[in-house]
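**Q** Quick one: structure below, then a few questions.
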Amino acid sequence: MTEIDFYDIYQGQLAAFLLVLTRASGIFLIAPFFGSLNIPVQFRAAAAILITLVTFPVIVAKTTVTAPESILMFGGSIAQEMFIGWLIGFIAFITFAAINMAGKIMDMQVGFSVAQVMDPTSGQQSPLIGSFLYNLAIIYFLIVNGHHIIISALIESFNRIPLDGLVWNAQITDLMINLTTGIFLTGMKIAMPVTFSILLVNVGMGILARTMPQMNIFVIGIPMHLMIGTFMLAMLMPFFVLFLDVMFNDMYASITAALKLLSP
């Protein structure tokens with residue numbers, strides 16, 4: 001009769017639990033809403049543990065995890081799982097970084113760049129329009145259940161990438177570089193209507209300055225920038241919400257592509 005080593009079984013179960021917890025904790029480091037600094041660390045830790053407790057029985061039933069032979073090997077496994085969770089949150093973070101970039105460009109053109117507000121989600125100074133667009137995007141992200149999609153992507157990662165089964169693909173580096181470099185391009189697309197309208201105002205002010213030298217353009221230009229910029233921002237809002245749908249769909253597609261690249 002074969003002896004059952006309960007110590008090895010429990011040791012493997014504990015190692016699997018810690019690996020699942022590590023991957024789940026990755027999204028709470030940088031992902032929008034989940035990684036916000038104004039959410040207490042205790043709450044984020046409790047949420048990661050809760051997700052782990054719910055998903056752990058299903059994951060263990062599909063895969064068998066044996067405890068690593070050394071602390072060094074276990075540390076490498078922990079780093080792999082943390083990277084997978086962090087990558088899901090990072091791709092989502094890129095989308096909101098592009099929105100924040102668009103707000104900074106608009107603030108620079110309109111004249112709000114001199115005024116900064118404290119962003120509680122990042123703990124840094126943020127421009128007015130940038131903070132407004134970022135918070136609006138977060139609200140819409142929650143309305144369309146984007147946070148559920150992030151959690152679903154985390155659960156799907158266990159189906160595509162088993163515990164301690166990450167296979168490094170050099171193409172994931174190219175994907176991350178392309179997403180990062182796309183921040184400025186996407187921000188320019190969002191800010192283009194406001195930027196172009198301010199450009200037309202500057203051209204008109206230049207013509208007035210040449211035809212009417214006695215007019216003080218600096219006195220008229222600043223209020224004109226604020227008025228036109230605010231008006232164009234208000235006109236942009238319905239299209240901005242539609243653009244958010246496109247950005248979120250691209251974000252979900254990028255997460256799926258990243259998981260495919262790392263799957264065995």
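Quick note on naming: the chains in the structure tokens go A, B, ... in the order shown, residues restart at 1 in each chain, and ligands are numbered from 1 in order of appearance.
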List the neighbours of A:Val144 out to 12 Å using only C-alpha atoms; skip same-chain residues closer than 3 positions along the sequence, and give me the result as a PyMOL selection string.

**A** chain A and resi 137-141+147-150+241+244-245+248-249

**Q** Could you name the residues that touch stretch 173-181 of chain A at 8 Å or less, counting only C-alpha atoms, but leaving out those on the same chain fewer than 2 positions away, as number ranges by chain?

**A** A: 91, 94, 169-171, 183-185, 258

**Q** Go ahead and write the selection's residues with all heavy atoms as a PDB file, in the first residue's frame.

**A**
```pdb
ATOM      1  N   ILE A  91      -0.578  47.313 -18.514  1.00  0.00           N
ATOM      2  CA  ILE A  91      -1.257  47.583 -19.781  1.00  0.00           C
ATOM      3  C   ILE A  91      -2.483  48.467 -19.554  1.00  0.00           C
ATOM      4  O   ILE A  91      -2.762  49.384 -20.333  1.00  0.00           O
ATOM      5  CB  ILE A  91      -1.638  46.264 -20.472  1.00  0.00           C
ATOM      6  CG1 ILE A  91      -0.374  45.486 -20.848  1.00  0.00           C
ATOM      7  CG2 ILE A  91      -2.483  46.516 -21.709  1.00  0.00           C
ATOM      8  CD1 ILE A  91      -0.649  44.121 -21.435  1.00  0.00           C
ATOM      9  N   ILE A  94      -1.295  52.058 -18.892  1.00  0.00           N
ATOM     10  CA  ILE A  94      -0.861  52.776 -20.089  1.00  0.00           C
ATOM     11  C   ILE A  94      -2.021  53.565 -20.684  1.00  0.00           C
ATOM     12  O   ILE A  94      -1.850  54.708 -21.144  1.00  0.00           O
ATOM     13  CB  ILE A  94      -0.287  51.789 -21.122  1.00  0.00           C
ATOM     14  CG1 ILE A  94       1.083  51.276 -20.669  1.00  0.00           C
ATOM     15  CG2 ILE A  94      -0.169  52.435 -22.493  1.00  0.00           C
ATOM     16  CD1 ILE A  94       2.150  52.329 -20.619  1.00  0.00           C
ATOM     17  N   ASN A 169       8.970  35.312 -23.724  1.00  0.00           N
ATOM     18  CA  ASN A 169       8.975  35.563 -25.161  1.00  0.00           C
ATOM     19  C   ASN A 169       9.511  36.968 -25.391  1.00  0.00           C
ATOM     20  O   ASN A 169       9.010  37.932 -24.796  1.00  0.00           O
ATOM     21  CB  ASN A 169       7.560  35.414 -25.735  1.00  0.00           C
ATOM     22  CG  ASN A 169       7.543  35.398 -27.251  1.00  0.00           C
ATOM     23  OD1 ASN A 169       8.417  35.979 -27.901  1.00  0.00           O
ATOM     24  ND2 ASN A 169       6.554  34.732 -27.825  1.00  0.00           N
ATOM     25  N   ALA A 170      10.522  37.083 -26.249  1.00  0.00           N
ATOM     26  CA  ALA A 170      11.137  38.395 -26.485  1.00  0.00           C
ATOM     27  C   ALA A 170      10.148  39.388 -27.084  1.00  0.00           C
ATOM     28  O   ALA A 170      10.339  40.608 -26.956  1.00  0.00           O
ATOM     29  CB  ALA A 170      12.350  38.249 -27.401  1.00  0.00           C
ATOM     30  N   GLN A 171       9.066  38.898 -27.690  1.00  0.00           N
ATOM     31  CA  GLN A 171       8.095  39.801 -28.297  1.00  0.00           C
ATOM     32  C   GLN A 171       7.321  40.597 -27.252  1.00  0.00           C
ATOM     33  O   GLN A 171       6.738  41.636 -27.579  1.00  0.00           O
ATOM     34  CB  GLN A 171       7.122  39.011 -29.175  1.00  0.00           C
ATOM     35  CG  GLN A 171       7.777  38.379 -30.394  1.00  0.00           C
ATOM     36  CD  GLN A 171       6.767  37.629 -31.253  1.00  0.00           C
ATOM     37  OE1 GLN A 171       5.570  37.590 -30.956  1.00  0.00           O
ATOM     38  NE2 GLN A 171       7.248  37.019 -32.323  1.00  0.00           N
ATOM     39  N   ILE A 183       1.705  56.281 -25.823  1.00  0.00           N
ATOM     40  CA  ILE A 183       1.071  57.201 -24.873  1.00  0.00           C
ATOM     41  C   ILE A 183       0.964  58.591 -25.474  1.00  0.00           C
ATOM     42  O   ILE A 183      -0.105  59.225 -25.465  1.00  0.00           O
ATOM     43  CB  ILE A 183       1.864  57.241 -23.549  1.00  0.00           C
ATOM     44  CG1 ILE A 183       1.747  55.902 -22.818  1.00  0.00           C
ATOM     45  CG2 ILE A 183       1.358  58.372 -22.651  1.00  0.00           C
ATOM     46  CD1 ILE A 183       2.562  55.855 -21.540  1.00  0.00           C
ATOM     47  N   PHE A 184       2.073  59.087 -26.017  1.00  0.00           N
ATOM     48  CA  PHE A 184       2.078  60.441 -26.565  1.00  0.00           C
ATOM     49  C   PHE A 184       1.181  60.546 -27.792  1.00  0.00           C
ATOM     50  O   PHE A 184       0.448  61.532 -27.952  1.00  0.00           O
ATOM     51  CB  PHE A 184       3.504  60.857 -26.928  1.00  0.00           C
ATOM     52  CG  PHE A 184       3.612  62.260 -27.473  1.00  0.00           C
ATOM     53  CD1 PHE A 184       3.558  63.349 -26.617  1.00  0.00           C
ATOM     54  CD2 PHE A 184       3.752  62.488 -28.826  1.00  0.00           C
ATOM     55  CE1 PHE A 184       3.640  64.642 -27.111  1.00  0.00           C
ATOM     56  CE2 PHE A 184       3.842  63.771 -29.327  1.00  0.00           C
ATOM     57  CZ  PHE A 184       3.787  64.854 -28.470  1.00  0.00           C
ATOM     58  N   LEU A 185       1.213  59.523 -28.667  1.00  0.00           N
ATOM     59  CA  LEU A 185       0.391  59.555 -29.877  1.00  0.00           C
ATOM     60  C   LEU A 185      -1.091  59.554 -29.542  1.00  0.00           C
ATOM     61  O   LEU A 185      -1.867  60.341 -30.108  1.00  0.00           O
ATOM     62  CB  LEU A 185       0.738  58.353 -30.766  1.00  0.00           C
ATOM     63  CG  LEU A 185      -0.027  58.242 -32.087  1.00  0.00           C
ATOM     64  CD1 LEU A 185       0.230  59.454 -32.961  1.00  0.00           C
ATOM     65  CD2 LEU A 185       0.366  56.959 -32.816  1.00  0.00           C
ATOM     66  N   ALA A 258      -0.744  39.892 -24.688  1.00  0.00           N
ATOM     67  CA  ALA A 258       0.387  39.697 -23.768  1.00  0.00           C
ATOM     68  C   ALA A 258       0.327  38.323 -23.118  1.00  0.00           C
ATOM     69  O   ALA A 258       1.355  37.634 -22.976  1.00  0.00           O
ATOM     70  CB  ALA A 258       0.402  40.793 -22.718  1.00  0.00           C
TER      71      ALA A 258
END
```

**Q** Show me, as a ChimeraX atom specification, the residues that have an atom within 10 Å of A:Ile222 when counting only C-alpha atoms, minus same-chain residues fewer than 5 positions from it.

**A** /A:110-111,217,227

**Q** I'd like to know which of A:Met212, A:Met101, A:Ala48, A:Val194 is closest to A:Leu29, using only C-alpha atoms.

**A**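 Among the listed residues, A:Ala48 lies closest to A:Leu29.
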
**Q** Please determine, counting only C-alpha atoms, which residue among A:Met235, A:Ala92, A:Ile84, A:Ile228 has the shortest atom-to-atom distance to A:Ile172.

**A** A:Ile84

**Q** Within 12 Å of A:Leu236, counting only C-alpha atoms, which residues show up once you throw out same-chain ones fewer than 2 positions away? Write them as a PyMOL selection string, please.

**A** chain A and resi 106+133+189-195+197+229-234+238-243
